[in-house]
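Let me begin by presenting the structure, written as structure tokens, before commenting on it.
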Amino acid sequence: MLSKTDNQLLTRTGPGTPTGELFRRYWIPALCSDELDQDGKPKRVKLLGEDLIAFRDSHGEVGLMDEACPHRGTSLYYGINNGCGLTCMYHGWKFDVDGHCVDIPSEPTDKLKKSIKLKSYPIHEQNGIIWTYMGPKEKMPPVPNFYWMKLPQENLMAERVWQDCNYLQVIENDLDFVHAAFLHKALINQDIQENVLCTDLGINPDHPLVKNPPVKQAVQDTNYGKRCVAVGIGDEVNNAYMEIHYIFPFYSYPPRFAGEDGMFHAFIPRDDESTWSWDIQFAHHNPIDVETQHIRRGLLVDENHRKLRNVENDYEQDQTLMKTLNFSGIRGIATQDHAATESMGTIVDRSTEHLGTSDLPIIHMRKMLLDTVNDLQEGKDPLTLENQSLQTLLSEGLYAPKEKSWQEAFPLKERFDKSSNVMK
């Protein structure tokens with residue numbers, strides 16, 4: 001469990017908070033490229049408690065800046081996007097993608113214009129995703145080069161969804177091997193398409209993630225964060241060895257085996273009571289089946305990326321379905337996760353929980369976050385993610401004889417070892 005003080009420390013991420021300042025030291029996926037049209041309507045984006053506005057100018061460049069016009073506070077969401085800038089509808093103040101004021105027609109001279117700079121954040125656009133960095137410019141790290149970023153665009157599928165709970169609940173769920181054996185369990189074996197983990201009902205009961213709760217677990221320190229290992233039943237002679245990669249501070253690769261399409265997650269605080277949950281699905285060697293993957297995830301959303309299956313309609317839980325076809329009675333493996341984490345409340349009181357041995361990865365992740373937040377407050381820089389490591393990292397489960405230890409069967413690759421000289 002966490003003390004109430006530590007729980008509050010980790011779950012508050014707005015401007016000026018210790019954890020918020022930590023998160024601002026890393027690159028953040030902000031929105032999908034196709035959400036912004038050249039000279040099109042601006043888009044509201046809330047990140048780390050900040051109300052921001054995004055737009056794509058006449059040259060195709062993206063700006064991300066404060067939503068409020070610095071003149072009198074009118075929302076720039078209602079502004080006019082043309083002529084390489086965003087113009088406030090109230091008095092015509094105009095800003096470029098870097099937040100510079102380029103026109104103040106309401107003033108007789110340019111004197112005031114030269115002193116106006118709207119807070120804006122740097123942008124990196126790649127693979128159909130717009131990234132931003134919200135921390136001190138002098139501390140800006142390289143843009144992360146994750147494995148999936150080198151794949152052809154047709155091999156990728158990205159979904160951004162508004163999740164109604166604190167980010168920490170979402171990360172904890174993603175590092176939890178054991179919940180898959182219950183929440184995501186299908187009660188029948190289904191014909192599942194090649195390369196796909198499951199259907200919208202869930203994971204087949206003979207899959208290692210579901211067959212037996214993998215309570216034998218270990219956590220290793222790495223140069224990117226934590227490698228979480230679980231051992232489950234494979235077949236009569238083999239164990240199944242699975243891994244989750246927690247990439248500090250809010251990215252992850254959930255478990256996968258050879259032949260299954262990969263998944264990458266980013267869980268970005270929208271504010272303290274909601275999260276932007278990013279699902280990046282990728283196929284290694286062929287175009288991804290977007291429709292099939294979208295259906296199995298079950299994330300039906302409105303124009304604001306809010307779920308249509310939500311707490312207001314009980315996530316469309318079906319009691320008959322629960323008795324005959326799947327454990328949860330909810331369709332969509334991601335919707336199942338959202339239902340579990342959102343039903344905890346927006347911010348869980350971790351001082352009242354009762355953790356078990358299956359919660360080992362969560363315990364390690366929390367300690368790493370707490371230690372780093374405390375170190376940052378003392379002036380120590382947080383972990384720098386090394387692209388030489390990130391570009392080859394992904395989850396790769398395997399089967400090996402039961403008589404082998406997990407260290408023998410599934411060792412950490414040397415290039416990811418925290419003490420390795422490879423990255424130095």
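By order in the structure tokens, chains are A, B, ...; within a chain, residues start at 1; ligands start at 1, following the order shown.
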
Would you write out, as a Markdown table, a table of all residues in range 233-282 of chain A that have an atom no more than 8 Å from an atom of range 377-401 of chain A, listing for each the closest atom pair and the distance in Å to one decimal, considering only C-alpha atoms and ordering rows by chain and rising residue number?
| residue | atom | partner | partner_atom | distance |
| --- | --- | --- | --- | --- |
| A:Gly234 | CA | A:Tyr399 | CA | 6.5 |
| A:Val237 | CA | A:Pro401 | CA | 5.8 |
| A:Asn238 | CA | A:Pro401 | CA | 4.3 |
| A:Asn239 | CA | A:Ala400 | CA | 5.7 |
| A:Ala240 | CA | A:Tyr399 | CA | 4.7 |
| A:Tyr241 | CA | A:Leu398 | CA | 5.4 |
| A:Met242 | CA | A:Gly397 | CA | 4.5 |
| A:Glu243 | CA | A:Ser395 | CA | 5.9 |
| A:Ile244 | CA | A:Ser395 | CA | 6.3 |
| A:His245 | CA | A:Ser395 | CA | 6.8 |
| A:Phe248 | CA | A:Leu383 | CA | 7.7 |
| A:Tyr253 | CA | A:Ser395 | CA | 6.0 |
| A:Pro254 | CA | A:Ser395 | CA | 6.7 |
| A:Pro255 | CA | A:Ser395 | CA | 5.6 |
| A:Arg256 | CA | A:Gly397 | CA | 5.7 |
| A:Phe257 | CA | A:Gly397 | CA | 4.4 |
| A:Ala258 | CA | A:Glu396 | CA | 6.6 |
| A:Gly262 | CA | A:Ser395 | CA | 7.7 |

When you look at range 352-366 of chain A with a cut-off of 12 Å (counting only C-alpha atoms), what residues show up, excluding the ones that are within fewer than 3 positions of it in the same chain? I need them as a PDB file with C-alpha atoms, in the first residue's frame.
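That gives us around-v5.pdb:
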ATOM      1  CA  MET A   1       0.000   0.000   0.000  1.00  0.00           C
ATOM      2  CA  LEU A   2       0.953   3.664  -0.205  1.00  0.00           C
ATOM      3  CA  SER A   3       0.562   6.257   2.495  1.00  0.00           C
ATOM      4  CA  LYS A   4      -2.036   8.934   1.815  1.00  0.00           C
ATOM      5  CA  ASP A   6       2.667   9.326  -1.184  1.00  0.00           C
ATOM      6  CA  ASN A   7      -0.572   8.501  -2.972  1.00  0.00           C
ATOM      7  CA  LEU A   9       2.247  12.887  -4.459  1.00  0.00           C
ATOM      8  CA  LEU A  10       2.068  10.350  -7.295  1.00  0.00           C
ATOM      9  CA  THR A  11      -1.454  11.113  -8.477  1.00  0.00           C
ATOM     10  CA  THR A  19       5.161  14.365 -10.392  1.00  0.00           C
ATOM     11  CA  LEU A 168      -1.654   5.578 -12.128  1.00  0.00           C
ATOM     12  CA  GLN A 169      -4.598   3.152 -12.079  1.00  0.00           C
ATOM     13  CA  VAL A 170      -4.176   2.692 -15.817  1.00  0.00           C
ATOM     14  CA  ILE A 171      -0.446   1.975 -15.617  1.00  0.00           C
ATOM     15  CA  GLU A 172      -0.963  -0.436 -12.724  1.00  0.00           C
ATOM     16  CA  ASN A 173      -3.523  -2.361 -14.754  1.00  0.00           C
ATOM     17  CA  ASP A 174      -1.095  -2.634 -17.659  1.00  0.00           C
ATOM     18  CA  LEU A 175       1.643  -4.124 -15.449  1.00  0.00           C
ATOM     19  CA  ASP A 176      -0.730  -6.694 -13.938  1.00  0.00           C
ATOM     20  CA  PHE A 177      -0.214 -10.133 -15.542  1.00  0.00           C
ATOM     21  CA  VAL A 178      -2.815 -11.913 -13.446  1.00  0.00           C
ATOM     22  CA  HIS A 179      -5.893  -9.862 -14.291  1.00  0.00           C
ATOM     23  CA  PRO A 213      -2.671 -17.136 -13.445  1.00  0.00           C
ATOM     24  CA  PRO A 214       1.115 -16.619 -13.792  1.00  0.00           C
ATOM     25  CA  VAL A 215       1.773 -15.927 -10.129  1.00  0.00           C
ATOM     26  CA  LYS A 216       5.483 -16.754 -10.461  1.00  0.00           C
ATOM     27  CA  GLN A 217       6.881 -13.337 -11.235  1.00  0.00           C
ATOM     28  CA  ALA A 218      10.100 -11.350 -11.128  1.00  0.00           C
ATOM     29  CA  VAL A 219      11.073  -7.748 -11.850  1.00  0.00           C
ATOM     30  CA  GLN A 220      14.414  -6.616 -13.250  1.00  0.00           C
ATOM     31  CA  ASP A 221      15.965  -3.149 -13.321  1.00  0.00           C
ATOM     32  CA  GLY A 225      12.708   1.177 -16.499  1.00  0.00           C
ATOM     33  CA  LYS A 226      11.535  -2.300 -15.444  1.00  0.00           C
ATOM     34  CA  ARG A 227      11.247  -5.680 -17.104  1.00  0.00           C
ATOM     35  CA  CYS A 228       8.443  -7.700 -15.509  1.00  0.00           C
ATOM     36  CA  VAL A 229       8.621 -11.464 -16.078  1.00  0.00           C
ATOM     37  CA  ALA A 230       5.925 -14.073 -15.446  1.00  0.00           C
ATOM     38  CA  VAL A 231       5.985 -17.857 -15.745  1.00  0.00           C
ATOM     39  CA  GLU A 243       7.268 -10.156 -20.194  1.00  0.00           C
ATOM     40  CA  ILE A 244       5.909  -6.664 -19.750  1.00  0.00           C
ATOM     41  CA  HIS A 245       8.219  -3.726 -20.326  1.00  0.00           C
ATOM     42  CA  TYR A 246       7.566  -0.674 -18.175  1.00  0.00           C
ATOM     43  CA  ILE A 247       9.314   2.200 -19.923  1.00  0.00           C
ATOM     44  CA  PHE A 248       9.685   5.086 -17.524  1.00  0.00           C
ATOM     45  CA  PRO A 249       7.594   7.000 -16.741  1.00  0.00           C
ATOM     46  CA  PHE A 250       4.313   6.203 -18.588  1.00  0.00           C
ATOM     47  CA  TYR A 251       4.957   3.899 -21.557  1.00  0.00           C
ATOM     48  CA  SER A 252       4.686   0.109 -21.739  1.00  0.00           C
ATOM     49  CA  MET A 344     -12.285   2.090  -8.619  1.00  0.00           C
ATOM     50  CA  VAL A 348      -7.892   5.200  -5.611  1.00  0.00           C
ATOM     51  CA  ASP A 349      -7.027   5.496  -1.917  1.00  0.00           C
ATOM     52  CA  LEU A 369       8.226   6.635  -9.511  1.00  0.00           C
ATOM     53  CA  LEU A 370       8.423   7.723  -5.871  1.00  0.00           C
ATOM     54  CA  ASP A 371      12.201   7.535  -5.752  1.00  0.00           C
ATOM     55  CA  THR A 372      12.548   9.519  -8.968  1.00  0.00           C
ATOM     56  CA  VAL A 373      10.052  12.194  -7.907  1.00  0.00           C
TER      57      VAL A 373
END

Original post:
From the set A:Phe282, A:Phe95, A:Tyr133, A:Trp276, which residue has the shortest atom-to-atom contact distance to Val45 in chain A, counting only C-alpha atoms?
Top reply: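 Checking each of A:Phe282, A:Phe95, A:Tyr133, A:Trp276 against Val45 in chain A, counting only C-alpha atoms, the winner is A:Trp276.
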
Original post:
Among range 45-293 of chain A, which ones does DSSP place in helix (DSSP H, G or I), written as an NGL selection string?
Top reply: :A and (76-78 or 113-115 or 137-139 or 147-150 or 153-155 or 167-174 or 178-181 or 208-211 or 290-293)

Subject >> Backbone-only DSSP, strand (DSSP E or B) members of range 87-166 of chain A, as a ChimeraX atom specification >> reply: /A:87,94-95,100-103,117,120,123-126,129-133,156-163

Would you output that residue set with N, CA and C atoms, as a compact mmCIF listing (two decimals), in the first residue's frame?
# COMPACT_ATOMS: atom_id res chain seq x y z
N THR A 87 -6.02 33.38 -35.30
CA THR A 87 -6.47 34.72 -34.94
C THR A 87 -7.64 34.65 -33.97
N LYS A 94 -3.29 37.74 -33.42
CA LYS A 94 -2.93 36.58 -34.21
C LYS A 94 -1.61 35.99 -33.72
N PHE A 95 -1.53 34.63 -33.71
CA PHE A 95 -0.35 33.94 -33.20
C PHE A 95 0.12 32.87 -34.18
N HIS A 100 4.26 33.19 -31.08
CA HIS A 100 4.60 34.60 -31.26
C HIS A 100 3.39 35.38 -31.76
N CYS A 101 3.19 36.53 -31.21
CA CYS A 101 2.11 37.39 -31.69
C CYS A 101 2.58 38.08 -32.96
N VAL A 102 1.87 37.84 -34.06
CA VAL A 102 2.29 38.39 -35.35
C VAL A 102 1.39 39.53 -35.83
N ASP A 103 0.30 39.76 -35.10
CA ASP A 103 -0.57 40.88 -35.50
C ASP A 103 -1.47 41.27 -34.34
N LYS A 117 4.04 36.93 -26.02
CA LYS A 117 4.42 35.56 -26.41
C LYS A 117 3.51 34.59 -25.67
N SER A 120 3.84 28.15 -25.61
CA SER A 120 3.68 27.10 -26.61
C SER A 120 4.70 26.01 -26.35
N ILE A 123 6.99 20.62 -31.01
CA ILE A 123 6.23 19.54 -31.65
C ILE A 123 7.18 18.64 -32.45
N HIS A 124 6.90 17.34 -32.39
CA HIS A 124 7.53 16.38 -33.29
C HIS A 124 6.42 15.49 -33.85
N GLU A 125 6.31 15.42 -35.16
CA GLU A 125 5.25 14.64 -35.80
C GLU A 125 5.86 13.47 -36.55
N GLN A 126 5.40 12.27 -36.22
CA GLN A 126 5.94 11.05 -36.83
C GLN A 126 4.94 9.92 -36.70
N ILE A 129 1.41 10.54 -35.44
CA ILE A 129 1.21 10.98 -34.06
C ILE A 129 1.96 12.29 -33.84
N ILE A 130 1.33 13.22 -33.16
CA ILE A 130 1.92 14.50 -32.82
C ILE A 130 2.40 14.44 -31.37
N TRP A 131 3.71 14.57 -31.17
CA TRP A 131 4.33 14.51 -29.85
C TRP A 131 4.68 15.92 -29.38
N THR A 132 4.74 16.09 -28.07
CA THR A 132 5.17 17.37 -27.52
C THR A 132 6.03 17.15 -26.29
N TYR A 133 6.78 18.19 -25.96
CA TYR A 133 7.60 18.20 -24.75
C TYR A 133 7.24 19.45 -23.96
N LEU A 156 0.71 0.08 -38.73
CA LEU A 156 0.39 0.69 -37.44
C LEU A 156 -1.07 1.10 -37.34
N MET A 157 -1.56 1.10 -36.12
CA MET A 157 -2.90 1.60 -35.81
C MET A 157 -2.84 2.28 -34.45
N ALA A 158 -3.22 3.55 -34.39
CA ALA A 158 -3.15 4.32 -33.15
C ALA A 158 -4.55 4.77 -32.73
N GLU A 159 -4.86 4.56 -31.44
CA GLU A 159 -6.13 5.03 -30.87
C GLU A 159 -5.84 5.85 -29.62
N ARG A 160 -6.49 7.01 -29.51
CA ARG A 160 -6.38 7.86 -28.33
C ARG A 160 -7.75 7.92 -27.68
N VAL A 161 -7.82 7.53 -26.40
CA VAL A 161 -9.12 7.42 -25.72
C VAL A 161 -9.05 8.10 -24.36
N TRP A 162 -10.09 8.83 -24.04
CA TRP A 162 -10.27 9.51 -22.76
C TRP A 162 -10.71 8.46 -21.73
N GLN A 163 -9.92 8.26 -20.71
CA GLN A 163 -10.24 7.29 -19.66
C GLN A 163 -10.52 8.05 -18.36

Original post:
Quick one: residues within 12 Å of Gln319 in chain A, only C-alpha atoms counted, chain neighbours fewer than 5 positions away excluded, as a list in words?
Top reply: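 Near neighbours after the sequence-gap exclusion: Asp314, Thr324, Leu325, Asn326, Phe327, Ser328, Gly329, Ile330 and Arg331 of chain A.
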
Would you mind exporting C-alpha atoms of the selected residues as a PDB file, in the first residue's frame?
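Below you can see part.pdb, which holds the result:
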ATOM      1  CA  ASP A 314     -22.609  -0.207 -17.350  1.00  0.00           C
ATOM      2  CA  THR A 324     -21.791 -18.467 -21.206  1.00  0.00           C
ATOM      3  CA  LEU A 325     -19.078 -16.716 -23.239  1.00  0.00           C
ATOM      4  CA  ASN A 326     -16.718 -14.556 -21.182  1.00  0.00           C
ATOM      5  CA  PHE A 327     -15.771 -13.829 -17.587  1.00  0.00           C
ATOM      6  CA  SER A 328     -16.623 -10.114 -17.493  1.00  0.00           C
ATOM      7  CA  GLY A 329     -19.793  -9.937 -19.580  1.00  0.00           C
ATOM      8  CA  ILE A 330     -18.253  -6.941 -21.395  1.00  0.00           C
ATOM      9  CA  ARG A 331     -17.219  -6.877 -25.039  1.00  0.00           C
TER      10      ARG A 331
END

Original post:
Using only C-alpha atoms, which residue out of A:Ile333, A:Ile53, A:Ala68, A:Val301 lies closest to Leu31 in chain A?
Top reply: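 Going through A:Ile333, A:Ile53, A:Ala68, A:Val301 one by one, the smallest distance to Leu31 in chain A is for A:Ile53.
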
Need the shell around range 290-294 of chain A: protein/DNA/RNA residues with any atom at most 12 Å away, counting only C-alpha atoms. Skip same-chain ones fewer than 2 positions apart. Format as a JSON list (two decimals) with N, CA, C and O atoms, in the first residue's frame?
[["chain", "number", "residue", "atom", "x", "y", "z"],
["A", 153, "GLN", "N", 3.87, 2.79, -42.20],
["A", 153, "GLN", "CA", 2.66, 3.35, -41.61],
["A", 153, "GLN", "C", 1.48, 2.39, -41.69],
["A", 153, "GLN", "O", 0.64, 2.34, -40.78],
["A", 154, "GLU", "N", 1.42, 1.59, -42.77],
["A", 154, "GLU", "CA", 0.29, 0.67, -42.92],
["A", 154, "GLU", "C", 0.35, -0.49, -41.91],
["A", 154, "GLU", "O", -0.61, -1.25, -41.76],
["A", 155, "ASN", "N", 1.47, -0.62, -41.22],
["A", 155, "ASN", "CA", 1.61, -1.66, -40.19],
["A", 155, "ASN", "C", 1.16, -1.16, -38.81],
["A", 155, "ASN", "O", 1.22, -1.92, -37.84],
["A", 156, "LEU", "N", 0.71, 0.08, -38.73],
["A", 156, "LEU", "CA", 0.39, 0.69, -37.44],
["A", 156, "LEU", "C", -1.07, 1.10, -37.34],
["A", 156, "LEU", "O", -1.71, 1.43, -38.34],
["A", 157, "MET", "N", -1.56, 1.10, -36.12],
["A", 157, "MET", "CA", -2.90, 1.60, -35.81],
["A", 157, "MET", "C", -2.84, 2.28, -34.45],
["A", 157, "MET", "O", -2.41, 1.68, -33.46],
["A", 158, "ALA", "N", -3.22, 3.55, -34.39],
["A", 158, "ALA", "CA", -3.15, 4.32, -33.15],
["A", 158, "ALA", "C", -4.55, 4.77, -32.73],
["A", 158, "ALA", "O", -5.32, 5.26, -33.55],
["A", 159, "GLU", "N", -4.86, 4.56, -31.44],
["A", 159, "GLU", "CA", -6.13, 5.03, -30.87],
["A", 159, "GLU", "C", -5.84, 5.85, -29.62],
["A", 159, "GLU", "O", -5.05, 5.44, -28.77],
["A", 160, "ARG", "N", -6.49, 7.01, -29.51],
["A", 160, "ARG", "CA", -6.38, 7.86, -28.33],
["A", 160, "ARG", "C", -7.75, 7.92, -27.68],
["A", 160, "ARG", "O", -8.74, 8.31, -28.30],
["A", 192, "ILE", "N", -9.58, -17.64, -33.87],
["A", 192, "ILE", "CA", -9.00, -16.31, -33.82],
["A", 192, "ILE", "C", -8.10, -16.10, -35.02],
["A", 192, "ILE", "O", -7.31, -16.97, -35.38],
["A", 193, "GLN", "N", -8.25, -14.95, -35.64],
["A", 193, "GLN", "CA", -7.48, -14.62, -36.84],
["A", 193, "GLN", "C", -5.98, -14.65, -36.55],
["A", 193, "GLN", "O", -5.53, -14.29, -35.48],
["A", 194, "GLU", "N", -5.23, -15.08, -37.54],
["A", 194, "GLU", "CA", -3.77, -15.13, -37.40],
["A", 194, "GLU", "C", -3.22, -13.77, -37.02],
["A", 194, "GLU", "O", -3.67, -12.73, -37.51],
["A", 195, "ASN", "N", -2.25, -13.78, -36.13],
["A", 195, "ASN", "CA", -1.55, -12.58, -35.63],
["A", 195, "ASN", "C", -2.34, -11.79, -34.59],
["A", 195, "ASN", "O", -1.82, -10.80, -34.07],
["A", 196, "VAL", "N", -3.56, -12.18, -34.28],
["A", 196, "VAL", "CA", -4.41, -11.41, -33.37],
["A", 196, "VAL", "C", -4.50, -12.12, -32.02],
["A", 196, "VAL", "O", -4.67, -13.34, -31.96],
["A", 197, "LEU", "N", -4.37, -11.38, -30.93],
["A", 197, "LEU", "CA", -4.37, -11.98, -29.60],
["A", 197, "LEU", "C", -5.71, -12.57, -29.20],
["A", 197, "LEU", "O", -5.78, -13.62, -28.58],
["A", 198, "CYS", "N", -6.80, -11.87, -29.55],
["A", 198, "CYS", "CA", -8.11, -12.26, -29.02],
["A", 198, "CYS", "C", -9.22, -11.71, -29.89],
["A", 198, "CYS", "O", -8.97, -11.03, -30.89],
["A", 199, "THR", "N", -10.46, -11.99, -29.50],
["A", 199, "THR", "CA", -11.63, -11.34, -30.09],
["A", 199, "THR", "C", -12.16, -10.32, -29.10],
["A", 199, "THR", "O", -11.57, -10.11, -28.03],
["A", 200, "ASP", "N", -13.30, -9.72, -29.40],
["A", 200, "ASP", "CA", -13.88, -8.77, -28.46],
["A", 200, "ASP", "C", -14.45, -9.46, -27.22],
["A", 200, "ASP", "O", -14.73, -8.80, -26.21],
["A", 260, "GLU", "N", 2.01, -12.94, -32.79],
["A", 260, "GLU", "CA", 0.94, -12.04, -32.39],
["A", 260, "GLU", "C", 1.35, -10.60, -32.69],
["A", 260, "GLU", "O", 2.52, -10.22, -32.49],
["A", 261, "ASP", "N", 0.40, -9.80, -33.18],
["A", 261, "ASP", "CA", 0.68, -8.39, -33.40],
["A", 261, "ASP", "C", 1.06, -7.73, -32.07],
["A", 261, "ASP", "O", 0.56, -8.08, -31.01],
["A", 262, "GLY", "N", 1.95, -6.77, -32.13],
["A", 262, "GLY", "CA", 2.44, -6.10, -30.94],
["A", 262, "GLY", "C", 1.53, -4.98, -30.47],
["A", 262, "GLY", "O", 0.65, -4.51, -31.19],
["A", 263, "MET", "N", 1.77, -4.54, -29.23],
["A", 263, "MET", "CA", 1.02, -3.44, -28.65],
["A", 263, "MET", "C", 1.95, -2.57, -27.83],
["A", 263, "MET", "O", 2.79, -3.08, -27.08],
["A", 279, "ASP", "N", -3.23, 3.50, -27.46],
["A", 279, "ASP", "CA", -2.96, 2.13, -27.92],
["A", 279, "ASP", "C", -2.31, 2.22, -29.29],
["A", 279, "ASP", "O", -2.94, 2.71, -30.25],
["A", 280, "ILE", "N", -1.06, 1.79, -29.39],
["A", 280, "ILE", "CA", -0.39, 1.71, -30.69],
["A", 280, "ILE", "C", -0.23, 0.23, -31.01],
["A", 280, "ILE", "O", 0.60, -0.47, -30.42],
["A", 281, "GLN", "N", -1.04, -0.26, -31.92],
["A", 281, "GLN", "CA", -0.95, -1.66, -32.34],
["A", 281, "GLN", "C", -0.10, -1.73, -33.60],
["A", 281, "GLN", "O", -0.19, -0.85, -34.46],
["A", 282, "PHE", "N", 0.72, -2.77, -33.69],
["A", 282, "PHE", "CA", 1.60, -2.86, -34.85],
["A", 282, "PHE", "C", 1.78, -4.31, -35.29],
["A", 282, "PHE", "O", 1.82, -5.23, -34.48],
["A", 283, "ALA", "N", 1.86, -4.47, -36.60],
["A", 283, "ALA", "CA", 2.18, -5.76, -37.20],
["A", 283, "ALA", "C", 3.64, -5.69, -37.67],
["A", 283, "ALA", "O", 4.06, -4.69, -38.25],
["A", 286, "ASN", "N", 3.67, -7.08, -41.98],
["A", 286, "ASN", "CA", 2.60, -6.92, -42.95],
["A", 286, "ASN", "C", 1.67, -5.79, -42.51],
["A", 286, "ASN", "O", 1.68, -5.40, -41.34],
["A", 287, "PRO", "N", 0.83, -5.28, -43.41],
["A", 287, "PRO", "CA", -0.15, -4.27, -43.01],
["A", 287, "PRO", "C", -1.07, -4.82, -41.93],
["A", 287, "PRO", "O", -1.48, -5.99, -41.97],
["A", 288, "ILE", "N", -1.39, -3.99, -40.96],
["A", 288, "ILE", "CA", -2.23, -4.44, -39.86],
["A", 288, "ILE", "C", -3.70, -4.46, -40.28],
["A", 288, "ILE", "O", -4.13, -3.66, -41.12],
["A", 296, "ARG", "N", -11.69, -5.94, -31.70],
["A", 296, "ARG", "CA", -11.29, -6.70, -30.51],
["A", 296, "ARG", "C", -11.03, -5.78, -29.33],
["A", 296, "ARG", "O", -11.26, -6.14, -28.18],
["A", 297, "ARG", "N", -10.55, -4.57, -29.57],
["A", 297, "ARG", "CA", -10.32, -3.61, -28.50],
["A", 297, "ARG", "C", -11.64, -3.05, -27.96],
["A", 297, "ARG", "O", -11.76, -2.76, -26.78],
["A", 298, "GLY", "N", -12.62, -2.86, -28.84],
["A", 298, "GLY", "CA", -13.95, -2.46, -28.41],
["A", 298, "GLY", "C", -14.10, -1.01, -28.03],
["A", 298, "GLY", "O", -15.07, -0.64, -27.36],
["A", 299, "LEU", "N", -13.17, -0.15, -28.45],
["A", 299, "LEU", "CA", -13.22, 1.24, -28.03],
["A", 299, "LEU", "C", -14.02, 2.07, -29.03],
["A", 299, "LEU", "O", -13.48, 2.63, -29.99],
["A", 300, "LEU", "N", -15.30, 2.16, -28.79],
["A", 300, "LEU", "CA", -16.19, 3.01, -29.59],
["A", 300, "LEU", "C", -16.24, 4.37, -28.92],
["A", 300, "LEU", "O", -16.61, 4.48, -27.75],
["A", 301, "VAL", "N", -15.86, 5.43, -29.64],
["A", 301, "VAL", "CA", -15.74, 6.74, -29.01],
["A", 301, "VAL", "C", -16.48, 7.81, -29.81],
["A", 301, "VAL", "O", -16.78, 7.63, -31.00],
["A", 331, "ARG", "N", -17.91, -6.67, -23.77],
["A", 331, "ARG", "CA", -17.22, -6.88, -25.04],
["A", 331, "ARG", "C", -16.14, -5.81, -25.23],
["A", 331, "ARG", "O", -16.35, -4.64, -24.94],
["A", 332, "GLY", "N", -15.00, -6.28, -25.75],
["A", 332, "GLY", "CA", -13.89, -5.37, -26.01],
["A", 332, "GLY", "C", -12.86, -5.45, -24.91],
["A", 332, "GLY", "O", -13.13, -5.08, -23.77],
["A", 333, "ILE", "N", -11.67, -5.93, -25.25],
["A", 333, "ILE", "CA", -10.66, -6.17, -24.22],
["A", 333, "ILE", "C", -10.23, -4.86, -23.56],
["A", 333, "ILE", "O", -9.97, -4.80, -22.35],
["A", 334, "ALA", "N", -10.18, -3.76, -24.32],
["A", 334, "ALA", "CA", -9.84, -2.47, -23.73],
["A", 334, "ALA", "C", -10.98, -1.94, -22.88],
["A", 334, "ALA", "O", -10.76, -1.35, -21.82],
["A", 335, "THR", "N", -12.21, -2.14, -23.35],
["A", 335, "THR", "CA", -13.37, -1.70, -22.55],
["A", 335, "THR", "C", -13.40, -2.43, -21.22],
["A", 335, "THR", "O", -13.77, -1.85, -20.19]]

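Taking CA of Gln190 in chain A and CA of His207 in chain A as endpoints, the distance between them is 11.1 Å.
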